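**Q** The following file, my_file.txt, comprises compact mmCIF, C-alpha atoms:
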# COMPACT_ATOMS: atom_id res chain seq x y z
CA MET A 1 -60.58 6.66 -15.59
CA GLU A 2 -60.57 9.56 -18.06
CA LEU A 3 -63.56 11.00 -16.22
CA TRP A 4 -61.67 10.94 -12.91
CA ASP A 5 -58.63 12.66 -14.44
CA TRP A 6 -60.86 15.37 -15.85
CA SER A 7 -62.74 15.74 -12.53
CA LEU A 8 -59.52 16.24 -10.60
CA THR A 9 -58.62 19.19 -12.84
CA VAL A 10 -62.06 20.78 -12.55
CA SER A 11 -62.99 20.16 -8.91
CA LYS A 12 -61.79 22.69 -6.32
CA ASP A 13 -63.13 20.90 -3.24
CA THR A 14 -60.34 19.00 -1.46
CA GLU A 15 -62.82 16.54 0.10
CA MET A 16 -64.30 15.73 -3.29
CA LYS A 17 -60.83 15.29 -4.75
CA ALA A 18 -60.00 12.82 -1.99
CA ARG A 19 -63.10 10.79 -2.80
CA ILE A 20 -62.28 10.81 -6.52
CA ARG A 21 -58.75 9.58 -5.85
CA GLY A 22 -60.12 6.84 -3.61
CA VAL A 23 -62.49 5.56 -6.30
CA GLN A 24 -59.77 5.93 -8.92
CA SER A 25 -57.32 3.85 -6.90
CA MET A 26 -59.92 1.11 -6.35
CA MET A 27 -60.61 0.94 -10.08
CA THR A 28 -56.94 0.34 -10.83
CA THR A 29 -56.86 -2.87 -8.77
CA PHE A 30 -56.97 -6.22 -10.50
CA ASN A 31 -59.90 -7.27 -8.29
CA PHE A 32 -62.07 -4.55 -9.79
CA TYR A 33 -61.03 -5.41 -13.34
CA PHE A 34 -61.57 -9.14 -12.79
CA GLY A 35 -64.99 -8.55 -11.21
CA CYS A 36 -66.17 -6.28 -14.06
CA THR A 37 -65.04 -8.75 -16.72
CA LEU A 38 -66.61 -11.72 -14.95
CA GLY A 39 -69.82 -9.78 -14.30
CA GLU A 40 -70.05 -8.85 -17.98
CA GLN A 41 -69.78 -12.51 -18.97
CA LEU A 42 -72.43 -13.70 -16.49
CA LEU A 43 -74.89 -10.80 -16.81
CA ARG A 44 -74.86 -11.09 -20.58
CA GLN A 45 -76.85 -14.32 -20.18
CA THR A 46 -79.00 -13.31 -17.21
CA ASP A 47 -80.06 -10.01 -18.79
CA ASN A 48 -81.26 -11.85 -21.89
CA LEU A 49 -83.22 -14.21 -19.65
CA SER A 50 -84.76 -11.32 -17.72
CA ARG A 51 -85.81 -9.59 -20.93
CA ALA A 52 -87.39 -12.78 -22.29
CA LEU A 53 -89.27 -13.51 -19.06
CA GLN A 54 -90.86 -10.05 -19.04
CA ASP A 55 -92.68 -10.74 -22.29
CA SER A 56 -96.38 -10.90 -21.42
CA SER A 57 -96.97 -13.71 -23.94
CA THR A 58 -94.38 -16.03 -22.33
CA SER A 59 -96.02 -18.87 -20.42
CA ALA A 60 -94.71 -20.28 -17.16
CA ALA A 61 -93.54 -23.47 -18.89
CA GLN A 62 -91.73 -21.48 -21.58
CA GLY A 63 -90.08 -19.33 -18.92
CA ASN A 64 -88.97 -22.41 -17.05
CA ARG A 65 -87.43 -23.87 -20.20
CA LEU A 66 -85.66 -20.59 -20.94
CA ALA A 67 -84.20 -20.55 -17.44
CA GLN A 68 -82.96 -24.12 -17.80
CA ASP A 69 -81.28 -23.26 -21.11
CA VAL A 70 -79.49 -20.30 -19.53
CA VAL A 71 -78.37 -22.39 -16.56
CA LYS A 72 -76.96 -25.04 -18.90
CA THR A 73 -75.12 -22.35 -20.86
CA LEU A 74 -73.60 -20.91 -17.70
CA LEU A 75 -72.58 -24.33 -16.42
CA LYS A 76 -70.65 -24.97 -19.64
CA ASP A 77 -68.23 -22.27 -18.49
CA ARG A 78 -67.74 -23.97 -15.13
CA THR A 79 -64.74 -25.99 -16.23
CA ASP A 80 -61.00 -25.58 -15.85
CA THR A 81 -60.64 -25.22 -19.61
CA SER A 82 -63.13 -22.33 -19.74
CA PHE A 83 -61.43 -20.63 -16.80
CA HIS A 84 -57.99 -20.91 -18.43
CA LEU A 85 -59.34 -19.29 -21.58
CA PHE A 86 -61.06 -16.57 -19.55
CA TRP A 87 -57.88 -15.95 -17.55
CA ALA A 88 -55.68 -15.74 -20.64
CA ARG A 89 -58.12 -13.35 -22.31
CA ILE A 90 -58.27 -10.86 -19.45
CA LEU A 91 -54.50 -10.90 -19.00
CA GLN A 92 -53.99 -10.21 -22.69
CA ARG A 93 -56.52 -7.38 -22.64
CA LYS A 94 -54.92 -5.96 -19.50
CA THR A 95 -51.55 -5.88 -21.23
CA THR A 96 -52.71 -4.43 -24.54
CA GLU A 97 -55.72 -2.21 -23.70
CA ILE A 98 -55.97 -1.44 -19.97
CA GLN A 99 -52.39 -0.98 -18.85
CA THR A 100 -53.31 1.12 -15.81
CA THR A 101 -54.63 -1.99 -14.02
CA GLU A 102 -52.35 -3.46 -11.39
CA ASP A 103 -50.99 -6.99 -11.59
CA PRO A 104 -52.90 -9.78 -9.81
CA MET A 105 -51.75 -10.53 -6.28
CA LEU A 106 -52.64 -13.01 -3.58
CA PRO A 107 -54.71 -11.58 -0.73
CA ARG A 108 -53.29 -11.47 2.74
CA LYS A 109 -53.71 -14.75 4.60
CA ARG A 110 -56.42 -14.50 7.21
CA LYS A 111 -57.31 -17.50 9.33
CA ALA A 112 -60.94 -18.07 10.10
CA PRO A 113 -61.98 -17.88 13.78
CA VAL A 114 -61.80 -21.15 15.69
CA ARG A 115 -65.57 -21.21 16.10
CA HIS A 116 -65.90 -21.43 12.32
CA GLU A 117 -63.59 -24.45 12.04
CA VAL A 118 -65.22 -27.78 11.27
CA GLY A 119 -63.58 -30.90 12.66
CA GLU A 120 -59.83 -30.54 13.04
CA GLN A 121 -58.39 -27.10 13.40
CA ASN A 122 -56.04 -25.43 10.92
CA THR A 123 -58.01 -26.83 8.01
CA HIS A 124 -58.40 -23.48 6.25
CA HIS A 125 -57.19 -23.63 2.64
CA PHE A 126 -54.99 -20.86 1.26
CA PRO A 127 -54.48 -20.71 -2.52
CA LYS A 128 -50.89 -21.12 -3.59
CA THR A 129 -51.05 -18.84 -6.63
CA HIS A 130 -53.10 -15.81 -7.56
CA LYS A 131 -54.60 -17.80 -10.44
CA ASP A 132 -55.98 -20.39 -7.98
CA HIS A 133 -57.45 -17.57 -5.91
CA TYR A 134 -59.36 -16.08 -8.85
CA ARG A 135 -60.33 -19.53 -10.08
CA ARG A 136 -62.24 -20.06 -6.86
CA ILE A 137 -63.97 -16.69 -7.26
CA TYR A 138 -64.85 -17.59 -10.85
CA PHE A 139 -66.48 -20.87 -9.87
CA ASN A 140 -68.30 -19.36 -6.87
CA ALA A 141 -69.81 -16.64 -9.05
CA ILE A 142 -71.17 -19.14 -11.56
CA ASP A 143 -72.54 -21.33 -8.75
CA THR A 144 -74.29 -18.36 -7.15
CA VAL A 145 -75.95 -17.20 -10.38
CA THR A 146 -77.14 -20.66 -11.42
CA GLN A 147 -78.40 -21.45 -7.93
CA CYS A 148 -80.40 -18.22 -7.77
CA ILE A 149 -82.07 -18.95 -11.11
CA ALA A 150 -82.83 -22.56 -10.19
CA THR A 151 -84.23 -21.60 -6.78
CA ARG A 152 -86.56 -19.03 -8.34
CA PHE A 153 -88.17 -21.65 -10.57
CA GLU A 154 -88.28 -24.42 -7.99
CA GLN A 155 -90.66 -22.64 -5.63
CA LYS A 156 -93.83 -24.46 -4.69
CA ASP A 157 -96.09 -21.56 -5.67
CA PHE A 158 -94.55 -21.37 -9.11
CA LYS A 159 -95.13 -25.07 -9.73
CA ILE A 160 -98.81 -24.66 -8.79
CA TYR A 161 -99.17 -21.77 -11.22
CA LEU A 162 -97.30 -23.76 -13.87
CA ASN A 163 -99.67 -26.73 -13.56
CA ILE A 164 -102.79 -24.56 -13.86
CA GLN A 165 -101.47 -22.71 -16.88
CA GLU A 166 -100.25 -25.84 -18.64
CA LEU A 167 -103.54 -27.62 -17.92
CA LEU A 168 -105.55 -24.91 -19.69
CA LEU A 169 -103.13 -24.36 -22.56
CA LYS A 170 -102.84 -28.07 -23.31
CA SER A 171 -106.62 -28.44 -23.15
CA PHE A 172 -107.05 -25.72 -25.78
CA ALA A 173 -104.56 -27.55 -27.99
CA SER A 174 -106.27 -30.93 -27.32
CA GLU A 175 -103.03 -32.34 -25.89
CA PRO A 176 -102.85 -34.92 -23.05
CA CYS A 177 -102.72 -33.20 -19.64
CA ASP A 178 -103.38 -36.00 -17.13
CA THR A 179 -100.33 -35.14 -15.01
CA GLU A 180 -101.25 -31.45 -14.68
CA LEU A 181 -104.89 -32.33 -14.01
CA ALA A 182 -103.96 -34.66 -11.17
CA GLU A 183 -101.72 -32.03 -9.55
CA VAL A 184 -104.33 -29.27 -9.84
CA VAL A 185 -107.16 -31.42 -8.44
CA LYS A 186 -104.89 -32.57 -5.62
CA MET A 187 -104.05 -28.99 -4.70
CA TYR A 188 -107.60 -27.57 -5.00
CA SER A 189 -109.68 -30.60 -4.09
CA GLU A 190 -112.09 -28.48 -2.02
CA ASP A 191 -112.58 -25.85 -4.74
CA LEU A 192 -112.87 -28.02 -7.86
CA ASP A 193 -115.09 -30.90 -8.90
CA SER A 194 -112.78 -33.26 -10.79
CA PHE A 195 -115.65 -34.98 -12.63
CA LYS A 196 -117.04 -31.68 -13.97
CA LEU A 197 -113.57 -30.33 -14.68
CA LYS A 198 -112.63 -33.25 -16.95
CA GLY A 199 -115.77 -32.76 -19.03
CA GLN A 200 -115.35 -29.00 -19.27
CA LEU A 201 -111.72 -29.32 -20.40
CA LEU A 202 -112.97 -31.28 -23.41
CA LEU A 203 -115.33 -28.39 -24.24
CA LEU A 204 -112.62 -25.74 -24.29
CA PRO A 205 -111.38 -26.10 -27.91
CA GLN A 206 -114.89 -26.01 -29.37
CA THR A 207 -115.93 -23.09 -27.17
CA ALA A 208 -112.84 -21.09 -28.10
CA GLU A 209 -113.34 -21.74 -31.83
CA SER A 210 -116.98 -20.67 -31.63
CA MET A 211 -115.82 -17.40 -30.04
CA GLY A 212 -113.36 -16.76 -32.87
CA PHE A 213 -110.10 -17.83 -31.18
CA ASP A 214 -107.39 -19.72 -33.07
CA THR A 215 -106.57 -22.67 -30.80
CA SER A 216 -103.58 -23.73 -32.93
CA GLU A 217 -101.54 -20.76 -31.67
CA PHE A 218 -102.97 -20.16 -28.22
CA ASP A 219 -100.71 -18.23 -25.82
CA VAL A 220 -101.09 -16.70 -22.37
CA ASN A 221 -102.59 -13.45 -23.67
CA ASP A 222 -105.23 -15.39 -25.61
CA LEU A 223 -105.96 -17.45 -22.49
CA VAL A 224 -106.57 -14.37 -20.34
CA THR A 225 -108.65 -12.72 -23.09
CA PHE A 226 -110.77 -15.86 -23.45
CA LEU A 227 -111.42 -16.08 -19.69
CA GLN A 228 -112.38 -12.41 -19.47
CA SER A 229 -114.67 -12.53 -22.53
CA LEU A 230 -116.87 -15.38 -21.31
CA ASP A 231 -120.51 -14.33 -21.00
CA SER A 232 -122.80 -15.43 -18.16
CA SER A 233 -124.12 -18.51 -19.97
CA ARG A 234 -120.66 -19.78 -20.89
CA ARG A 235 -119.42 -19.12 -17.34
CA LYS A 236 -122.12 -21.44 -16.06
CA LEU A 237 -121.27 -24.02 -18.72
CA LEU A 238 -117.55 -23.78 -17.81
CA SER A 239 -117.95 -23.19 -14.08
CA GLU A 240 -114.82 -25.14 -13.06
CA ILE A 241 -112.78 -23.50 -15.82
CA SER A 242 -113.89 -20.11 -14.53
CA THR A 243 -112.64 -21.06 -11.08
CA LEU A 244 -109.29 -22.05 -12.56
CA GLY A 245 -109.21 -18.75 -14.45
CA LYS A 246 -109.68 -16.79 -11.24
CA LEU A 247 -106.87 -18.75 -9.59
CA LEU A 248 -104.67 -18.16 -12.61
CA LEU A 249 -105.22 -14.39 -12.50
CA VAL A 250 -104.62 -13.93 -8.76
CA LEU A 251 -101.69 -16.31 -8.20
CA PRO A 252 -98.81 -14.58 -10.02
CA ALA A 253 -98.19 -11.85 -7.45
CA THR A 254 -94.49 -11.61 -8.38
CA ASN A 255 -94.67 -11.70 -12.17
CA ALA A 256 -93.32 -8.90 -14.32
CA VAL A 257 -96.73 -7.33 -15.01
CA SER A 258 -97.49 -6.92 -11.31
CA GLU A 259 -94.00 -5.64 -10.57
CA ARG A 260 -94.35 -2.97 -13.25
CA SER A 261 -97.39 -1.55 -11.48
CA PHE A 262 -95.36 -1.20 -8.28
CA SER A 263 -92.54 0.42 -10.23
CA ALA A 264 -95.08 2.86 -11.63
CA LEU A 265 -95.93 3.95 -8.07
CA LYS A 266 -92.38 5.19 -7.61
CA ARG A 267 -92.66 7.36 -10.72
CA VAL A 268 -96.17 8.63 -9.99
CA LYS A 269 -95.91 9.38 -6.26
CA THR A 270 -93.00 11.79 -6.22
CA TYR A 271 -91.99 13.91 -3.25
CA LEU A 272 -94.28 16.65 -4.60
CA ARG A 273 -97.25 14.29 -4.20
CA SER A 274 -96.35 12.97 -0.75
CA THR A 275 -99.79 13.92 0.68
CA THR A 276 -101.86 12.54 -2.20
CA GLY A 277 -104.85 10.50 -1.05
CA ASP A 278 -105.37 6.86 -1.98
CA SER A 279 -108.24 7.54 -4.34
CA ILE A 280 -106.42 10.15 -6.45
CA LEU A 281 -103.21 8.12 -6.33
CA ASN A 282 -105.00 5.03 -7.64
CA ASN A 283 -106.48 7.10 -10.48
CA HIS A 284 -103.05 8.46 -11.40
CA ARG A 285 -101.59 4.97 -11.38
CA MET A 286 -104.37 3.64 -13.60
CA LEU A 287 -103.71 6.40 -16.13
CA HIS A 288 -99.98 5.75 -16.01
CA VAL A 289 -100.12 1.95 -16.23
CA HIS A 290 -102.75 1.92 -18.99
CA LYS A 291 -101.40 4.89 -20.92
CA ASP A 292 -101.64 2.94 -24.16
CA ARG A 293 -105.43 3.15 -23.76
CA THR A 294 -105.62 6.64 -22.30
CA ASP A 295 -103.47 8.01 -25.13
CA SER A 296 -106.23 7.05 -27.55
CA LEU A 297 -108.85 9.14 -25.70
CA THR A 298 -110.17 12.39 -27.20
CA LEU A 299 -110.68 15.36 -24.90
CA VAL A 300 -113.94 16.29 -26.63
CA ASP A 301 -115.45 12.87 -25.95
CA VAL A 302 -114.25 12.93 -22.33
CA ALA A 303 -115.76 16.39 -21.79
CA ASN A 304 -119.10 15.34 -23.28
CA ASP A 305 -119.20 12.21 -21.11
CA PHE A 306 -118.50 14.32 -18.03
CA VAL A 307 -121.23 16.83 -18.92
CA GLY A 308 -123.75 14.15 -19.80
CA GLU A 309 -123.64 12.50 -16.38
CA LYS A 310 -125.86 15.12 -14.71
CA GLU A 311 -128.68 17.33 -15.95
CA ASN A 312 -127.39 20.53 -14.36
CA ARG A 313 -124.11 20.11 -16.24
CA LYS A 314 -125.97 19.82 -19.53
CA GLN A 315 -127.79 23.09 -18.83
CA LEU A 316 -124.61 24.83 -17.73
CA PHE A 317 -122.14 23.62 -20.37
CA GLY A 318 -124.24 22.20 -23.20
CA LYS A 319 -122.29 20.01 -25.60
CA PHE A 320 -118.65 20.46 -26.52
CA SER A 321 -117.24 20.39 -30.02
CA ALA A 322 -113.67 20.32 -31.27
CA ASN A 323 -113.70 24.12 -31.67
CA ASP A 324 -114.62 24.62 -28.00
CA ILE A 325 -111.38 23.01 -26.80
CA PRO A 326 -108.43 25.45 -26.61
CA ASN A 327 -105.76 25.01 -29.25
CA LYS A 328 -103.12 24.11 -26.72
CA PHE A 329 -105.20 21.09 -25.75
CA SER A 330 -106.62 20.07 -29.13
CA THR A 331 -103.23 20.09 -30.84
CA SER A 332 -101.28 18.72 -27.89
CA SER A 333 -99.48 15.42 -27.91
CA LYS A 334 -100.89 12.19 -26.58
CA SER A 335 -98.89 12.43 -23.37
CA THR A 336 -100.37 15.89 -22.65
CA GLN A 337 -103.89 14.55 -23.21
CA THR A 338 -103.19 11.70 -20.82
CA GLU A 339 -101.99 14.04 -18.07
CA ASN A 340 -105.03 16.31 -18.46
Could you render the structure from this file as structure tokens?

**A**
Amino acid sequence: MELWDWSLTVSKDTEMKARIRGVQSMMTTFNFYFGCTLGEQLLRQTDNLSRALQDSSTSAAQGNRLAQDVVKTLLKDRTDTSFHLFWARILQRKTTEIQTTEDPMLPRKRKAPVRHEVGEQNTHHFPKTHKDHYRRIYFNAIDTVTQCIATRFEQKDFKIYLNIQELLLKSFASEPCDTELAEVVKMYSEDLDSFKLKGQLLLLPQTAESMGFDTSEFDVNDLVTFLQSLDSSRRKLLSEISTLGKLLLVLPATNAVSERSFSALKRVKTYLRSTTGDSILNNHRMLHVHKDRTDSLTLVDVANDFVGEKENRKQLFGKFSANDIPNKFSTSSKSTQTEN
């Protein structure tokens, strides 16, 4: 509100002033204040959940448990007692801190069209007090948030991914996984041999220990690293496990890691690069997504690798040393090296 008051004194455009006054008047309504306060209370929990789910070491089962905990926490506030406390708190704050906010009022009564009536007509309910009106909004907001979270984790594809991940993680920890095994074999009966798979699951802890992995604290990152580090002989020994590993790596098309790569496209392909070809664009995205690895590169080593690929380059350029690279490149920051 202080920003709008300052803008009205600075702005000379009458149209812009009219827009500022319109936004300013909307922000003084009790609806806006109630919505901001309720949104703060709900998003405080959902933002924490979102941040926890984006951790690359969080497994599907752990994410599911986190979501259930957040839903239970939100549902604790879905009581009349919690609403009364919430209502008293915002009214007290409105009186003491935000006095520019208008008093709560009942909305104008609007009957629903006849085609929307169910059963007998004139069954539309109008709240008697403004507190009842906002109570309904309060409960609807909690129901919407909890239902969205529950629906996200009740999808069929997620349950398939959850079973595969839990089957492998429990096998590494030598825990019983008969339920997950039955679901995975049922889903991929044409791709997996259940007899071979059961025997290979018993081999996993010993194989991981022989490769230097600590199976007592095995997480998703360790699982992916183990699957990618299998040599040809071990892939043949664990043929069904390798198939499960491929399914595990291609299934999560909507996880946070994949979504970050799409977000990177928006930052890489700006309007100045609107005509960039697919090949160059893919290279730019690889450098941007894996900048933790590209930052560790040395320009001298990159130049020598480039020269060493062909004989004519060796004759033309020879071999680079640190002194051959200009100072502006050799002393530049990691981000500058990555761009070059």

**Q** Which residue is closest to A:Tyr188? Choose from A:Tyr161, A:Phe83, A:Phe30, A:Tyr138 and count all atoms listed in the file.

**A** A:Tyr161

**Q** Contacts of A:Lys246 at 12 Å or less, counting all atoms listed in the file, minus same-chain residues fewer than 3 places along, as an MDAnalysis selection string?

**A** chainID A and resid 161 164:165 191 223:224 227:228 235 239:243 249:252

**Q** Compile the contact shell of stretch 181-187 of chain A as a list in words: residues with an atom at most 9 Å away, counting all atoms listed in the file, same-chain residues fewer than 5 positions apart removed.

**A**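 Counting only the stated atoms, we get Ile160, Asn163, Ile164, Leu167, Leu192, Asp193, Ser194, Leu197 and Lys198 of chain A.
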
**Q** For C-alpha atoms, I'd like the residues from the last selection saved as a compact mmCIF listing (two decimals), keeping the file's coordinate frame.

**A**
# COMPACT_ATOMS: atom_id res chain seq x y z
CA ILE A 160 -98.81 -24.66 -8.79
CA ASN A 163 -99.67 -26.73 -13.56
CA ILE A 164 -102.79 -24.56 -13.86
CA LEU A 167 -103.54 -27.62 -17.92
CA LEU A 192 -112.87 -28.02 -7.86
CA ASP A 193 -115.09 -30.90 -8.90
CA SER A 194 -112.78 -33.26 -10.79
CA LEU A 197 -113.57 -30.33 -14.68
CA LYS A 198 -112.63 -33.25 -16.95

**Q** Work out how far apart atom CA of A:Leu106 and atom CA of A:Gly22 are and give it in Å to one decimal.

**A** 21.2 Å

**Q** Rank A:Arg21, A:Thr129, A:Arg65, A:Asn312 by their smallest atom-to-atom distance to A:Leu53, using only C-alpha atoms, and report the top residue only.

**A**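 Answer, going by the shortest atom-to-atom distance: A:Arg65.
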
**Q** So how far away is atom CA of A:Val71 from atom CA of A:Lys131, in Å?

**A**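 If I compute the distance from atom CA of A:Lys131 to atom CA of A:Val71, I get 25.0 Å.
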
**Q** Interatomic distance between atom CA of A:Lys76 and atom CA of A:Phe158?

**A** 26.4 Å

**Q** For each of A:Ser263, A:Gln200, A:Thr79, A:Thr58, take the minimum atom-to-atom distance to A:Leu244, counting all atoms listed in the file, then give the residue where this is smallest.

**A** A:Gln200

**Q** Would you pick out the contacts of A:Ala264 at 8 Å or less, using all atoms listed in the file, so that residues sharing its chain but fewer than 2 positions from it are not included, and give the list as a list in words?

**A**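 Surrounding residues, per the criterion: Arg260, Ser261, Phe262, Lys266, Arg267, Val268, Arg285, His288 and Val289 of chain A.
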
**Q** Excluding A:Cys148 and any residue of its chain fewer than 3 positions from it, enumerate the residues within 12 Å of it, using all atoms listed in the file, and give them as a ChimeraX atom specification.

**A** /A:46,67-68,70-71,141-145,151-155

**Q** Using only C-alpha atoms, determine which residues lie at most 12 Å from A:Thr225, disregarding the query and same-chain residues fewer than 6 positions distant; provide the list as a PyMOL selection string.

**A** chain A and resi 57+208+211-213+218-219+245+249

**Q** Save the residues we just selected, C-alpha atoms, as an mmCIF file, keeping the file's coordinate frame?

**A**
data_model
loop_
_atom_site.group_PDB
_atom_site.id
_atom_site.type_symbol
_atom_site.label_atom_id
_atom_site.label_comp_id
_atom_site.auth_asym_id
_atom_site.auth_seq_id
_atom_site.Cartn_x
_atom_site.Cartn_y
_atom_site.Cartn_z
ATOM 1 C CA SER A 57 -96.970 -13.710 -23.940
ATOM 2 C CA ALA A 208 -112.840 -21.090 -28.100
ATOM 3 C CA MET A 211 -115.820 -17.400 -30.040
ATOM 4 C CA GLY A 212 -113.360 -16.760 -32.870
ATOM 5 C CA PHE A 213 -110.100 -17.830 -31.180
ATOM 6 C CA PHE A 218 -102.970 -20.160 -28.220
ATOM 7 C CA ASP A 219 -100.710 -18.230 -25.820
ATOM 8 C CA GLY A 245 -109.210 -18.750 -14.450
ATOM 9 C CA LEU A 249 -105.220 -14.390 -12.500
#

**Q** Considering all atoms listed in the file, state which residue in the set A:Arg108, A:Lys196, A:Lys72, A:Arg78 is at the smallest distance from A:Asn140.

**A**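 Smallest distance to A:Asn140 is found for A:Arg78.
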
**Q** Out of A:Val220, A:Ser7, A:Leu281, A:Gly35, which residue has the shortest atom-to-atom distance to A:Arg19 when counting all atoms listed in the file?

**A**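 Result for the nearest residue to A:Arg19: A:Ser7.
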
**Q** Would you please work out which residue, of A:Phe226, A:Ala60, A:Ala88, A:Arg273, is nearest to A:Glu209 when using all atoms listed in the file?

**A**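 Looking only at the distances to A:Glu209, the closest residue turns out to be A:Phe226.
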
**Q** Would it be fine to have stretch 226-237 of chain A, with N, CA and C atoms, given as a short mmCIF file (atom, residue, chain, number, x, y, z; two decimals), in the first residue's frame?

**A**
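Dumped everything to out_31.cif:
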data_model
loop_
_atom_site.label_atom_id
_atom_site.label_comp_id
_atom_site.auth_asym_id
_atom_site.auth_seq_id
_atom_site.Cartn_x
_atom_site.Cartn_y
_atom_site.Cartn_z
N PHE A 226 24.72 -47.36 -9.02
CA PHE A 226 24.99 -48.79 -9.11
C PHE A 226 24.56 -49.35 -10.46
N LEU A 227 23.36 -48.97 -10.91
CA LEU A 227 22.86 -49.48 -12.19
C LEU A 227 23.71 -49.00 -13.36
N GLN A 228 24.20 -47.78 -13.29
CA GLN A 228 24.99 -47.23 -14.38
C GLN A 228 26.43 -47.73 -14.38
N SER A 229 26.91 -48.23 -13.23
CA SER A 229 28.31 -48.67 -13.13
C SER A 229 28.48 -50.17 -13.35
N LEU A 230 27.40 -50.88 -13.68
CA LEU A 230 27.52 -52.31 -13.93
C LEU A 230 28.29 -52.55 -15.23
N ASP A 231 29.28 -53.43 -15.18
CA ASP A 231 30.01 -53.78 -16.40
C ASP A 231 29.24 -54.84 -17.17
N SER A 232 29.77 -55.23 -18.33
CA SER A 232 29.05 -56.15 -19.22
C SER A 232 28.79 -57.51 -18.57
N SER A 233 29.77 -58.02 -17.81
CA SER A 233 29.59 -59.33 -17.18
C SER A 233 28.51 -59.29 -16.10
N ARG A 234 28.51 -58.23 -15.30
CA ARG A 234 27.50 -58.12 -14.25
C ARG A 234 26.12 -57.84 -14.84
N ARG A 235 26.07 -57.15 -15.97
CA ARG A 235 24.76 -56.93 -16.62
C ARG A 235 24.16 -58.25 -17.08
N LYS A 236 25.00 -59.15 -17.54
CA LYS A 236 24.49 -60.46 -17.93
C LYS A 236 24.07 -61.27 -16.71
N LEU A 237 24.84 -61.16 -15.63
CA LEU A 237 24.50 -61.86 -14.40
C LEU A 237 23.20 -61.32 -13.81
#
